[in-house]
file input24.txt (compact mmCIF, N, CA and C atoms)
# COMPACT_ATOMS: atom_id res chain seq x y z
N MET A 1 140.35 289.01 68.56
CA MET A 1 139.82 290.36 68.49
C MET A 1 139.85 290.99 69.88
N PRO A 2 140.38 292.16 70.00
CA PRO A 2 140.45 292.80 71.32
C PRO A 2 139.05 293.10 71.88
N ALA A 3 138.91 292.95 73.17
CA ALA A 3 137.62 293.17 73.84
C ALA A 3 137.39 294.63 74.22
N HIS A 4 138.41 295.45 74.11
CA HIS A 4 138.28 296.84 74.56
C HIS A 4 137.15 297.61 73.87
N PRO A 5 137.01 297.53 72.55
CA PRO A 5 135.91 298.29 71.93
C PRO A 5 134.53 297.88 72.44
N PHE A 6 134.39 296.64 72.86
CA PHE A 6 133.10 296.17 73.35
C PHE A 6 132.87 296.53 74.82
N SER A 7 133.95 296.69 75.56
CA SER A 7 133.82 296.90 77.00
C SER A 7 133.69 298.37 77.41
N VAL A 8 134.00 299.29 76.52
CA VAL A 8 134.03 300.70 76.93
C VAL A 8 132.66 301.37 76.95
N HIS A 9 131.73 300.88 76.18
CA HIS A 9 130.45 301.58 76.05
C HIS A 9 129.57 301.44 77.29
N PHE A 10 129.61 300.31 77.96
CA PHE A 10 128.76 300.10 79.12
C PHE A 10 129.10 301.04 80.28
N PRO A 11 130.36 301.17 80.66
CA PRO A 11 130.63 302.11 81.76
C PRO A 11 130.33 303.56 81.39
N VAL A 12 130.58 303.93 80.15
CA VAL A 12 130.28 305.31 79.74
C VAL A 12 128.78 305.56 79.88
N ALA A 13 127.97 304.64 79.38
CA ALA A 13 126.52 304.80 79.47
C ALA A 13 126.06 304.80 80.93
N LEU A 14 126.56 303.87 81.72
CA LEU A 14 126.14 303.79 83.12
C LEU A 14 126.52 305.04 83.90
N LEU A 15 127.70 305.58 83.65
CA LEU A 15 128.13 306.76 84.39
C LEU A 15 127.43 308.03 83.92
N LEU A 16 127.04 308.08 82.65
CA LEU A 16 126.21 309.19 82.19
C LEU A 16 124.82 309.12 82.83
N ILE A 17 124.28 307.92 82.94
CA ILE A 17 122.99 307.73 83.62
C ILE A 17 123.12 308.12 85.08
N ALA A 18 124.22 307.72 85.72
CA ALA A 18 124.44 308.07 87.13
C ALA A 18 124.52 309.59 87.30
N ALA A 19 125.22 310.26 86.40
CA ALA A 19 125.33 311.72 86.49
C ALA A 19 123.95 312.36 86.37
N ALA A 20 123.15 311.89 85.43
CA ALA A 20 121.79 312.44 85.27
C ALA A 20 120.95 312.17 86.51
N ALA A 21 121.06 310.97 87.06
CA ALA A 21 120.26 310.63 88.25
C ALA A 21 120.71 311.42 89.47
N TYR A 22 122.02 311.63 89.63
CA TYR A 22 122.50 312.47 90.73
C TYR A 22 121.99 313.90 90.57
N LEU A 23 122.01 314.42 89.34
CA LEU A 23 121.51 315.78 89.10
C LEU A 23 120.02 315.88 89.41
N ILE A 24 119.24 314.93 88.93
CA ILE A 24 117.80 314.94 89.22
C ILE A 24 117.57 314.80 90.72
N GLY A 25 118.32 313.90 91.35
CA GLY A 25 118.19 313.69 92.79
C GLY A 25 118.54 314.92 93.60
N LEU A 26 119.44 315.73 93.08
CA LEU A 26 119.83 316.96 93.77
C LEU A 26 118.64 317.91 93.87
N PHE A 27 117.85 317.98 92.84
CA PHE A 27 116.71 318.90 92.82
C PHE A 27 115.42 318.26 93.32
N ARG A 28 115.33 316.95 93.21
CA ARG A 28 114.10 316.27 93.60
C ARG A 28 114.23 315.57 94.95
N MET A 29 115.44 315.36 95.42
CA MET A 29 115.75 314.70 96.70
C MET A 29 114.77 313.56 97.01
N GLY A 30 114.36 312.86 95.96
CA GLY A 30 113.46 311.73 96.14
C GLY A 30 114.22 310.49 96.58
N ILE A 31 113.48 309.48 96.94
CA ILE A 31 114.11 308.25 97.41
C ILE A 31 114.56 307.36 96.26
N VAL A 32 114.20 307.69 95.03
CA VAL A 32 114.52 306.82 93.91
C VAL A 32 115.81 307.21 93.21
N PHE A 33 116.04 308.49 93.01
CA PHE A 33 117.12 308.90 92.12
C PHE A 33 118.51 308.65 92.69
N ILE A 34 118.76 308.99 93.93
CA ILE A 34 120.10 308.81 94.49
C ILE A 34 120.47 307.33 94.59
N PRO A 35 119.59 306.45 95.10
CA PRO A 35 119.96 305.02 95.09
C PRO A 35 120.17 304.46 93.68
N ALA A 36 119.37 304.90 92.72
CA ALA A 36 119.56 304.45 91.34
C ALA A 36 120.89 304.95 90.80
N ALA A 37 121.22 306.19 91.13
CA ALA A 37 122.51 306.75 90.71
C ALA A 37 123.66 305.98 91.33
N MET A 38 123.53 305.62 92.60
CA MET A 38 124.60 304.87 93.27
C MET A 38 124.81 303.50 92.63
N ILE A 39 123.74 302.85 92.22
CA ILE A 39 123.86 301.54 91.57
C ILE A 39 124.55 301.70 90.21
N ALA A 40 124.09 302.66 89.41
CA ALA A 40 124.72 302.90 88.10
C ALA A 40 126.18 303.31 88.28
N HIS A 41 126.45 304.10 89.31
CA HIS A 41 127.81 304.55 89.62
C HIS A 41 128.70 303.34 89.91
N GLY A 42 128.25 302.47 90.80
CA GLY A 42 129.05 301.29 91.16
C GLY A 42 129.29 300.37 89.98
N LEU A 43 128.24 300.10 89.21
CA LEU A 43 128.40 299.25 88.04
C LEU A 43 129.30 299.92 86.99
N GLY A 44 129.19 301.24 86.87
CA GLY A 44 130.04 301.97 85.94
C GLY A 44 131.52 301.88 86.31
N VAL A 45 131.81 301.97 87.60
CA VAL A 45 133.22 301.84 88.05
C VAL A 45 133.74 300.44 87.75
N LEU A 46 132.93 299.43 88.00
CA LEU A 46 133.36 298.06 87.66
C LEU A 46 133.62 297.95 86.16
N GLY A 47 132.76 298.58 85.37
CA GLY A 47 132.95 298.58 83.92
C GLY A 47 134.20 299.31 83.50
N LEU A 48 134.52 300.42 84.18
CA LEU A 48 135.76 301.15 83.87
C LEU A 48 136.98 300.29 84.15
N ILE A 49 136.94 299.54 85.23
CA ILE A 49 138.06 298.66 85.55
C ILE A 49 138.23 297.62 84.44
N ALA A 50 137.12 297.04 83.99
CA ALA A 50 137.19 296.07 82.88
C ALA A 50 137.71 296.75 81.61
N ALA A 51 137.27 297.98 81.36
CA ALA A 51 137.73 298.70 80.17
C ALA A 51 139.22 298.99 80.23
N ILE A 52 139.71 299.31 81.41
CA ILE A 52 141.16 299.55 81.56
C ILE A 52 141.93 298.26 81.30
N LEU A 53 141.46 297.16 81.87
CA LEU A 53 142.16 295.89 81.68
C LEU A 53 142.16 295.47 80.21
N THR A 54 141.02 295.63 79.55
CA THR A 54 140.98 295.26 78.13
C THR A 54 141.76 296.27 77.28
N GLY A 55 141.80 297.53 77.72
CA GLY A 55 142.59 298.53 77.01
C GLY A 55 144.08 298.24 77.07
N ARG A 56 144.52 297.79 78.23
CA ARG A 56 145.94 297.43 78.35
C ARG A 56 146.27 296.26 77.42
N ALA A 57 145.35 295.30 77.33
CA ALA A 57 145.57 294.16 76.43
C ALA A 57 145.51 294.60 74.97
N ALA A 58 144.65 295.57 74.66
CA ALA A 58 144.48 296.03 73.28
C ALA A 58 145.71 296.79 72.77
N GLN A 59 146.54 297.29 73.67
CA GLN A 59 147.73 298.02 73.24
C GLN A 59 148.64 297.17 72.37
N ALA A 60 148.57 295.84 72.55
CA ALA A 60 149.39 294.95 71.73
C ALA A 60 148.99 294.99 70.27
N TYR A 61 147.76 295.42 69.97
CA TYR A 61 147.26 295.45 68.60
C TYR A 61 147.42 296.81 67.93
N VAL A 62 147.99 297.76 68.66
CA VAL A 62 148.09 299.12 68.15
C VAL A 62 149.51 299.37 67.64
N THR A 63 149.59 299.84 66.40
CA THR A 63 150.88 300.27 65.85
C THR A 63 151.11 301.69 66.32
N ARG A 64 152.13 301.87 67.12
CA ARG A 64 152.40 303.20 67.70
C ARG A 64 153.12 304.08 66.69
N THR A 65 152.51 305.22 66.46
CA THR A 65 153.10 306.21 65.55
C THR A 65 153.36 307.47 66.36
N PRO A 66 154.20 308.37 65.85
CA PRO A 66 154.43 309.62 66.57
C PRO A 66 153.15 310.44 66.78
N ALA A 67 152.22 310.38 65.85
CA ALA A 67 150.97 311.13 66.01
C ALA A 67 150.04 310.47 67.02
N LEU A 68 150.12 309.15 67.12
CA LEU A 68 149.21 308.40 68.00
C LEU A 68 149.68 308.38 69.46
N GLU A 69 150.97 308.38 69.66
CA GLU A 69 151.53 308.21 71.01
C GLU A 69 150.99 309.21 72.04
N PRO A 70 150.98 310.53 71.77
CA PRO A 70 150.46 311.45 72.79
C PRO A 70 148.96 311.25 73.06
N LEU A 71 148.21 310.89 72.03
CA LEU A 71 146.78 310.62 72.22
C LEU A 71 146.58 309.41 73.12
N LEU A 72 147.35 308.37 72.87
CA LEU A 72 147.25 307.14 73.67
C LEU A 72 147.62 307.42 75.12
N GLU A 73 148.68 308.19 75.33
CA GLU A 73 149.09 308.51 76.70
C GLU A 73 148.04 309.32 77.44
N ARG A 74 147.44 310.32 76.77
CA ARG A 74 146.38 311.14 77.39
C ARG A 74 145.14 310.30 77.67
N HIS A 75 144.78 309.45 76.72
CA HIS A 75 143.62 308.58 76.87
C HIS A 75 143.80 307.66 78.09
N GLU A 76 144.98 307.08 78.20
CA GLU A 76 145.27 306.17 79.31
C GLU A 76 145.30 306.92 80.64
N LEU A 77 145.94 308.08 80.67
CA LEU A 77 146.00 308.87 81.89
C LEU A 77 144.60 309.27 82.36
N LEU A 78 143.79 309.76 81.44
CA LEU A 78 142.42 310.15 81.80
C LEU A 78 141.60 308.94 82.26
N ALA A 79 141.83 307.79 81.67
CA ALA A 79 141.11 306.58 82.08
C ALA A 79 141.45 306.23 83.54
N TYR A 80 142.72 306.25 83.87
CA TYR A 80 143.13 305.96 85.25
C TYR A 80 142.60 307.03 86.21
N LEU A 81 142.76 308.29 85.84
CA LEU A 81 142.33 309.39 86.69
C LEU A 81 140.83 309.32 86.97
N THR A 82 140.04 309.18 85.92
CA THR A 82 138.59 309.15 86.12
C THR A 82 138.16 307.93 86.93
N THR A 83 138.78 306.81 86.70
CA THR A 83 138.41 305.61 87.47
C THR A 83 138.68 305.82 88.95
N TRP A 84 139.83 306.35 89.30
CA TRP A 84 140.15 306.59 90.71
C TRP A 84 139.22 307.63 91.32
N VAL A 85 138.93 308.69 90.59
CA VAL A 85 138.05 309.72 91.14
C VAL A 85 136.63 309.18 91.31
N TYR A 86 136.14 308.44 90.31
CA TYR A 86 134.82 307.82 90.46
C TYR A 86 134.80 306.87 91.65
N LEU A 87 135.86 306.13 91.85
CA LEU A 87 135.94 305.22 92.99
C LEU A 87 135.90 306.00 94.30
N LEU A 88 136.67 307.06 94.40
CA LEU A 88 136.66 307.89 95.61
C LEU A 88 135.30 308.55 95.84
N LEU A 89 134.67 309.00 94.77
CA LEU A 89 133.33 309.58 94.91
C LEU A 89 132.33 308.52 95.37
N GLY A 90 132.50 307.31 94.90
CA GLY A 90 131.64 306.22 95.34
C GLY A 90 131.80 305.93 96.83
N VAL A 91 133.02 305.95 97.32
CA VAL A 91 133.28 305.76 98.75
C VAL A 91 132.64 306.90 99.54
N TRP A 92 132.82 308.13 99.06
CA TRP A 92 132.22 309.29 99.71
C TRP A 92 130.71 309.11 99.83
N MET A 93 130.07 308.79 98.72
CA MET A 93 128.61 308.67 98.74
C MET A 93 128.16 307.51 99.61
N TYR A 94 128.90 306.40 99.58
CA TYR A 94 128.54 305.24 100.39
C TYR A 94 128.64 305.57 101.88
N LEU A 95 129.74 306.21 102.27
CA LEU A 95 129.93 306.53 103.69
C LEU A 95 128.95 307.59 104.19
N ARG A 96 128.52 308.47 103.32
CA ARG A 96 127.63 309.57 103.72
C ARG A 96 126.17 309.31 103.35
N LYS A 97 125.87 308.11 102.89
CA LYS A 97 124.53 307.76 102.43
C LYS A 97 123.48 308.13 103.47
N GLY A 98 122.52 308.93 103.04
CA GLY A 98 121.43 309.33 103.92
C GLY A 98 121.77 310.44 104.90
N LYS A 99 123.03 310.90 104.92
CA LYS A 99 123.45 311.92 105.88
C LYS A 99 123.88 313.22 105.19
N THR A 100 123.78 313.28 103.88
CA THR A 100 124.29 314.45 103.18
C THR A 100 123.30 315.61 103.23
N SER A 101 123.85 316.78 103.40
CA SER A 101 123.03 317.99 103.32
C SER A 101 122.85 318.35 101.85
N GLN A 102 121.99 319.30 101.59
CA GLN A 102 121.78 319.76 100.21
C GLN A 102 123.09 320.32 99.64
N ALA A 103 123.84 321.06 100.46
CA ALA A 103 125.10 321.65 99.99
C ALA A 103 126.14 320.56 99.69
N GLU A 104 126.23 319.56 100.55
CA GLU A 104 127.19 318.47 100.31
C GLU A 104 126.79 317.68 99.07
N GLN A 105 125.50 317.45 98.90
CA GLN A 105 125.03 316.72 97.71
C GLN A 105 125.33 317.53 96.46
N ALA A 106 125.20 318.85 96.54
CA ALA A 106 125.51 319.71 95.40
C ALA A 106 127.00 319.64 95.06
N LEU A 107 127.86 319.67 96.07
CA LEU A 107 129.30 319.58 95.84
C LEU A 107 129.65 318.22 95.23
N PHE A 108 129.08 317.17 95.78
CA PHE A 108 129.32 315.83 95.24
C PHE A 108 128.89 315.76 93.77
N THR A 109 127.70 316.27 93.47
CA THR A 109 127.18 316.21 92.11
C THR A 109 128.04 317.02 91.15
N LEU A 110 128.51 318.17 91.60
CA LEU A 110 129.41 318.99 90.78
C LEU A 110 130.70 318.22 90.47
N CYS A 111 131.27 317.58 91.47
CA CYS A 111 132.48 316.77 91.26
C CYS A 111 132.19 315.62 90.30
N PHE A 112 131.03 314.97 90.46
CA PHE A 112 130.68 313.83 89.61
C PHE A 112 130.53 314.28 88.16
N VAL A 113 129.85 315.39 87.95
CA VAL A 113 129.66 315.90 86.59
C VAL A 113 131.01 316.30 85.98
N ALA A 114 131.89 316.88 86.77
CA ALA A 114 133.22 317.27 86.27
C ALA A 114 134.02 316.05 85.83
N VAL A 115 134.02 315.00 86.64
CA VAL A 115 134.78 313.81 86.27
C VAL A 115 134.11 313.10 85.09
N THR A 116 132.80 313.26 84.96
CA THR A 116 132.11 312.70 83.79
C THR A 116 132.55 313.42 82.52
N ALA A 117 132.78 314.70 82.61
CA ALA A 117 133.31 315.45 81.45
C ALA A 117 134.70 314.94 81.08
N LEU A 118 135.53 314.64 82.09
CA LEU A 118 136.86 314.08 81.81
C LEU A 118 136.74 312.71 81.16
N MET A 119 135.79 311.90 81.64
CA MET A 119 135.59 310.58 81.04
C MET A 119 135.16 310.74 79.58
N ALA A 120 134.28 311.70 79.32
CA ALA A 120 133.82 311.93 77.94
C ALA A 120 135.00 312.36 77.06
N TRP A 121 135.90 313.16 77.60
CA TRP A 121 137.09 313.57 76.83
C TRP A 121 137.97 312.36 76.54
N SER A 122 138.13 311.48 77.51
CA SER A 122 138.91 310.27 77.30
C SER A 122 138.28 309.40 76.21
N ALA A 123 136.96 309.28 76.25
CA ALA A 123 136.25 308.51 75.23
C ALA A 123 136.43 309.16 73.85
N HIS A 124 136.37 310.47 73.81
CA HIS A 124 136.59 311.18 72.55
C HIS A 124 137.99 310.89 72.00
N LEU A 125 138.99 310.93 72.86
CA LEU A 125 140.35 310.62 72.42
C LEU A 125 140.45 309.20 71.88
N GLY A 126 139.76 308.27 72.53
CA GLY A 126 139.73 306.89 72.03
C GLY A 126 139.14 306.83 70.63
N GLY A 127 138.06 307.58 70.42
CA GLY A 127 137.47 307.63 69.08
C GLY A 127 138.39 308.25 68.06
N VAL A 128 139.08 309.30 68.44
CA VAL A 128 140.04 309.94 67.52
C VAL A 128 141.13 308.94 67.14
N MET A 129 141.61 308.18 68.12
CA MET A 129 142.67 307.21 67.82
C MET A 129 142.20 306.17 66.81
N VAL A 130 140.95 305.72 66.96
CA VAL A 130 140.43 304.69 66.06
C VAL A 130 140.05 305.28 64.71
N TYR A 131 139.24 306.33 64.71
CA TYR A 131 138.65 306.81 63.46
C TYR A 131 139.54 307.75 62.66
N GLN A 132 140.50 308.40 63.31
CA GLN A 132 141.39 309.28 62.56
C GLN A 132 142.78 308.68 62.34
N HIS A 133 143.18 307.77 63.25
CA HIS A 133 144.52 307.20 63.14
C HIS A 133 144.52 305.69 62.90
N GLY A 134 143.34 305.07 62.90
CA GLY A 134 143.25 303.64 62.62
C GLY A 134 143.84 302.74 63.69
N ALA A 135 143.88 303.22 64.94
CA ALA A 135 144.47 302.42 66.02
C ALA A 135 143.67 301.14 66.24
N GLY A 136 144.36 300.01 66.16
CA GLY A 136 143.75 298.73 66.43
C GLY A 136 142.83 298.22 65.33
N VAL A 137 142.82 298.91 64.19
CA VAL A 137 141.94 298.52 63.10
C VAL A 137 142.71 297.66 62.11
N GLN A 138 142.14 296.53 61.77
CA GLN A 138 142.78 295.67 60.78
C GLN A 138 142.32 296.08 59.39
N LEU A 139 143.26 296.14 58.47
CA LEU A 139 142.93 296.49 57.10
C LEU A 139 142.27 295.28 56.41
N VAL A 140 141.23 295.56 55.67
CA VAL A 140 140.54 294.51 54.91
C VAL A 140 141.22 294.41 53.55
N PRO A 141 141.62 293.19 53.14
CA PRO A 141 142.32 293.05 51.86
C PRO A 141 141.40 293.35 50.68

call {"tool": "encode", "arguments": {"input": "input24.txt", "output": "structure tokens"}}
result
Amino acid sequence: MPAHPFSVHFPVALLLIAAAAYLIGLFRMGIVFIPAAMIAHGLGVLGLIAAILTGRAAQAYVTRTPALEPLLERHELLAYLTTWVYLLLGVWMYLRKGKTSQAEQALFTLCFVAVTALMAWSAHLGGVMVYQHGAGVQLVP
């Protein structure tokens, strides 16, 4: 059984939590929210890497159809794009930890929320592939 369906939910949840914590931290500038967001962010990126690796392995179980192919390509492209952007944002936040101005934190948070929207779109495409096209689903006799 492919591990991809099990591995995708953790990074999505962690990165949504990170986005919420960064947003709260932007307005509350407390000592709790930004470090919590950074931890969820880092764990989420590690989870995305695992999801990509399991997704590549899961492709062997998918019957490629003309309707499925463009969805799969977009899903994969968005997965790579969001992972790299989240990684770069993580480096930015790590290097600037404790030195960011309110304006820089706002720009960072805006970028993080934008890439989170892209991740959500990628997740949606994954759901469309499974629930509308039966990608990777075994038929029960």

call {"tool": "residues_around", "arguments": {"input": "input24.txt", "residues": "Ala57 of chain A", "least_positions_apart": "5", "cutoff": "8 Å", "atoms": "all atoms listed in the file", "output": "compact mmCIF listing (two decimals) with N, CA and C atoms, keeping the file's coordinate frame"}}
result
# COMPACT_ATOMS: atom_id res chain seq x y z
N PRO A 2 140.38 292.16 70.00
CA PRO A 2 140.45 292.80 71.32
C PRO A 2 139.05 293.10 71.88
N ALA A 3 138.91 292.95 73.17
CA ALA A 3 137.62 293.17 73.84
C ALA A 3 137.39 294.63 74.22
N HIS A 4 138.41 295.45 74.11
CA HIS A 4 138.28 296.84 74.56
C HIS A 4 137.15 297.61 73.87
N ALA A 51 137.27 297.98 81.36
CA ALA A 51 137.73 298.70 80.17
C ALA A 51 139.22 298.99 80.23
N ILE A 52 139.71 299.31 81.41
CA ILE A 52 141.16 299.55 81.56
C ILE A 52 141.93 298.26 81.30
N VAL A 62 147.99 297.76 68.66
CA VAL A 62 148.09 299.12 68.15
C VAL A 62 149.51 299.37 67.64

call {"tool": "atom_distance", "arguments": {"input": "input24.txt", "atom1": "atom N of Leu89 of chain A", "atom2": "atom CA of Glu76 of chain A"}}
result
19.0 Å

call {"tool": "closest_residue", "arguments": {"input": "input24.txt", "among": "A:Leu43, A:Met129, A:Gly98, A:Tyr86", "to": "Leu72 of chain A", "atoms": "all atoms listed in the file"}}
result
A:Met129

call {"tool": "atom_distance", "arguments": {"input": "input24.txt", "atom1": "atom N of Leu107 of chain A", "atom2": "atom C of Ala123 of chain A"}}
result
26.0 Å

call {"tool": "residues_around", "arguments": {"input": "input24.txt", "residues": "Tyr61 of chain A", "least_positions_apart": "3", "cutoff": "6 Å", "atoms": "all atoms listed in the file", "output": "PyMOL selection string"}}
result
chain A and resi 57-58+135-136

call {"tool": "atom_distance", "arguments": {"input": "input24.txt", "atom1": "atom CA of Leu125 of chain A", "atom2": "atom C of Thr109 of chain A"}}
result
23.3 Å

call {"tool": "select_by_dssp", "arguments": {"input": "input24.txt", "residues": "segment 100-138 of chain A", "states": "helix (DSSP H, G or I)", "output": "number ranges by chain"}}
result
A: 102-131

call {"tool": "residues_around", "arguments": {"input": "input24.txt", "residues": "Gly127 of chain A", "least_positions_apart": "6", "cutoff": "12 Å", "atoms": "only C-alpha atoms", "output": "VMD selection string"}}
result
chain A and resid 5 8 to 9 68 71 to 72 75 120 to 121 133 to 137

call {"tool": "write_last_selection", "arguments": {"input": "input24.txt", "atoms": "N, CA and C atoms", "output": "PDB file, in the frame of the given file"}}
result
ATOM      1  N   PRO A   5     137.010 297.530  72.550  1.00  0.00           N
ATOM      2  CA  PRO A   5     135.910 298.290  71.930  1.00  0.00           C
ATOM      3  C   PRO A   5     134.530 297.880  72.440  1.00  0.00           C
ATOM      4  N   VAL A   8     134.000 299.290  76.520  1.00  0.00           N
ATOM      5  CA  VAL A   8     134.030 300.700  76.930  1.00  0.00           C
ATOM      6  C   VAL A   8     132.660 301.370  76.950  1.00  0.00           C
ATOM      7  N   HIS A   9     131.730 300.880  76.180  1.00  0.00           N
ATOM      8  CA  HIS A   9     130.450 301.580  76.050  1.00  0.00           C
ATOM      9  C   HIS A   9     129.570 301.440  77.290  1.00  0.00           C
ATOM     10  N   LEU A  68     150.120 309.150  67.120  1.00  0.00           N
ATOM     11  CA  LEU A  68     149.210 308.400  68.000  1.00  0.00           C
ATOM     12  C   LEU A  68     149.680 308.380  69.460  1.00  0.00           C
ATOM     13  N   LEU A  71     148.210 310.890  72.030  1.00  0.00           N
ATOM     14  CA  LEU A  71     146.780 310.620  72.220  1.00  0.00           C
ATOM     15  C   LEU A  71     146.580 309.410  73.120  1.00  0.00           C
ATOM     16  N   LEU A  72     147.350 308.370  72.870  1.00  0.00           N
ATOM     17  CA  LEU A  72     147.250 307.140  73.670  1.00  0.00           C
ATOM     18  C   LEU A  72     147.620 307.420  75.120  1.00  0.00           C
ATOM     19  N   HIS A  75     144.780 309.450  76.720  1.00  0.00           N
ATOM     20  CA  HIS A  75     143.620 308.580  76.870  1.00  0.00           C
ATOM     21  C   HIS A  75     143.800 307.660  78.090  1.00  0.00           C
ATOM     22  N   ALA A 120     134.280 311.700  79.320  1.00  0.00           N
ATOM     23  CA  ALA A 120     133.820 311.930  77.940  1.00  0.00           C
ATOM     24  C   ALA A 120     135.000 312.360  77.060  1.00  0.00           C
ATOM     25  N   TRP A 121     135.900 313.160  77.600  1.00  0.00           N
ATOM     26  CA  TRP A 121     137.090 313.570  76.830  1.00  0.00           C
ATOM     27  C   TRP A 121     137.970 312.360  76.540  1.00  0.00           C
ATOM     28  N   HIS A 133     143.180 307.770  63.250  1.00  0.00           N
ATOM     29  CA  HIS A 133     144.520 307.200  63.140  1.00  0.00           C
ATOM     30  C   HIS A 133     144.520 305.690  62.900  1.00  0.00           C
ATOM     31  N   GLY A 134     143.340 305.070  62.900  1.00  0.00           N
ATOM     32  CA  GLY A 134     143.250 303.640  62.620  1.00  0.00           C
ATOM     33  C   GLY A 134     143.840 302.740  63.690  1.00  0.00           C
ATOM     34  N   ALA A 135     143.880 303.220  64.940  1.00  0.00           N
ATOM     35  CA  ALA A 135     144.470 302.420  66.020  1.00  0.00           C
ATOM     36  C   ALA A 135     143.670 301.140  66.240  1.00  0.00           C
ATOM     37  N   GLY A 136     144.360 300.010  66.160  1.00  0.00           N
ATOM     38  CA  GLY A 136     143.750 298.730  66.430  1.00  0.00           C
ATOM     39  C   GLY A 136     142.830 298.220  65.330  1.00  0.00           C
ATOM     40  N   VAL A 137     142.820 298.910  64.190  1.00  0.00           N
ATOM     41  CA  VAL A 137     141.940 298.520  63.100  1.00  0.00           C
ATOM     42  C   VAL A 137     142.710 297.660  62.110  1.00  0.00           C
TER      43      VAL A 137
END

call {"tool": "closest_residue", "arguments": {"input": "input24.txt", "among": "A:Ala50, A:Leu23, A:Met119, A:Ala67", "to": "Leu81 of chain A", "atoms": "all atoms listed in the file"}}
result
A:Met119

call {"tool": "closest_residue", "arguments": {"input": "input24.txt", "among": "A:Val91, A:Leu77, A:Ile17, A:Ala60", "to": "Ala40 of chain A", "atoms": "all atoms listed in the file"}}
result
A:Ile17

call {"tool": "residues_around", "arguments": {"input": "input24.txt", "residues": "Gly42 of chain A", "least_positions_apart": "5", "cutoff": "8 Å", "atoms": "all atoms listed in the file", "output": "VMD selection string"}}
result
chain A and resid 14 to 15 18 36 to 37 47 to 48 86 90

call {"tool": "closest_residue", "arguments": {"input": "input24.txt", "among": "A:Ala21, A:Leu118, A:Val85, A:Met93", "to": "Ile34 of chain A", "atoms": "only N, CA and C atoms"}}
result
A:Ala21

call {"tool": "closest_residue", "arguments": {"input": "input24.txt", "among": "A:Thr83, A:Ala106, A:Leu78, A:Leu95", "to": "Gly126 of chain A", "atoms": "only C-alpha atoms"}}
result
A:Leu78

call {"tool": "closest_residue", "arguments": {"input": "input24.txt", "among": "A:Lys99, A:Pro70, A:Thr54, A:Trp92", "to": "Ser7 of chain A", "atoms": "only N, CA and C atoms"}}
result
A:Thr54

call {"tool": "decode", "arguments": {"input": "input24.txt", "residues": "segment 108-118 of chain A", "atoms": "N, CA, C and O atoms", "output": "PDB file, in the first residue's frame"}}
result
ATOM      1  N   PHE A 108       7.067  38.745   5.260  1.00  0.00           N
ATOM      2  CA  PHE A 108       7.301  37.307   5.419  1.00  0.00           C
ATOM      3  C   PHE A 108       5.968  36.566   5.570  1.00  0.00           C
ATOM      4  O   PHE A 108       5.725  35.554   4.907  1.00  0.00           O
ATOM      5  N   THR A 109       5.100  37.072   6.439  1.00  0.00           N
ATOM      6  CA  THR A 109       3.820  36.419   6.701  1.00  0.00           C
ATOM      7  C   THR A 109       2.950  36.396   5.453  1.00  0.00           C
ATOM      8  O   THR A 109       2.301  35.383   5.155  1.00  0.00           O
ATOM      9  N   LEU A 110       2.960  37.481   4.696  1.00  0.00           N
ATOM     10  CA  LEU A 110       2.212  37.523   3.437  1.00  0.00           C
ATOM     11  C   LEU A 110       2.722  36.451   2.475  1.00  0.00           C
ATOM     12  O   LEU A 110       1.927  35.728   1.855  1.00  0.00           O
ATOM     13  N   CYS A 111       4.025  36.333   2.351  1.00  0.00           N
ATOM     14  CA  CYS A 111       4.616  35.300   1.485  1.00  0.00           C
ATOM     15  C   CYS A 111       4.237  33.906   1.985  1.00  0.00           C
ATOM     16  O   CYS A 111       3.895  33.023   1.190  1.00  0.00           O
ATOM     17  N   PHE A 112       4.287  33.706   3.302  1.00  0.00           N
ATOM     18  CA  PHE A 112       3.972  32.397   3.873  1.00  0.00           C
ATOM     19  C   PHE A 112       2.518  32.026   3.607  1.00  0.00           C
ATOM     20  O   PHE A 112       2.217  30.892   3.220  1.00  0.00           O
ATOM     21  N   VAL A 113       1.619  32.973   3.804  1.00  0.00           N
ATOM     22  CA  VAL A 113       0.198  32.713   3.560  1.00  0.00           C
ATOM     23  C   VAL A 113      -0.045  32.434   2.074  1.00  0.00           C
ATOM     24  O   VAL A 113      -0.830  31.542   1.722  1.00  0.00           O
ATOM     25  N   ALA A 114       0.647  33.143   1.195  1.00  0.00           N
ATOM     26  CA  ALA A 114       0.493  32.919  -0.247  1.00  0.00           C
ATOM     27  C   ALA A 114       0.942  31.513  -0.639  1.00  0.00           C
ATOM     28  O   ALA A 114       0.256  30.819  -1.401  1.00  0.00           O
ATOM     29  N   VAL A 115       2.078  31.075  -0.125  1.00  0.00           N
ATOM     30  CA  VAL A 115       2.561  29.742  -0.469  1.00  0.00           C
ATOM     31  C   VAL A 115       1.674  28.680   0.189  1.00  0.00           C
ATOM     32  O   VAL A 115       1.495  27.583  -0.359  1.00  0.00           O
ATOM     33  N   THR A 116       1.066  29.015   1.313  1.00  0.00           N
ATOM     34  CA  THR A 116       0.123  28.088   1.943  1.00  0.00           C
ATOM     35  C   THR A 116      -1.112  27.909   1.062  1.00  0.00           C
ATOM     36  O   THR A 116      -1.656  26.802   0.958  1.00  0.00           O
ATOM     37  N   ALA A 117      -1.540  28.963   0.410  1.00  0.00           N
ATOM     38  CA  ALA A 117      -2.658  28.853  -0.537  1.00  0.00           C
ATOM     39  C   ALA A 117      -2.278  27.943  -1.707  1.00  0.00           C
ATOM     40  O   ALA A 117      -3.102  27.134  -2.158  1.00  0.00           O
ATOM     41  N   LEU A 118      -1.037  28.054  -2.187  1.00  0.00           N
ATOM     42  CA  LEU A 118      -0.581  27.160  -3.263  1.00  0.00           C
ATOM     43  C   LEU A 118      -0.542  25.713  -2.786  1.00  0.00           C
ATOM     44  O   LEU A 118      -0.901  24.796  -3.527  1.00  0.00           O
TER      45      LEU A 118
END
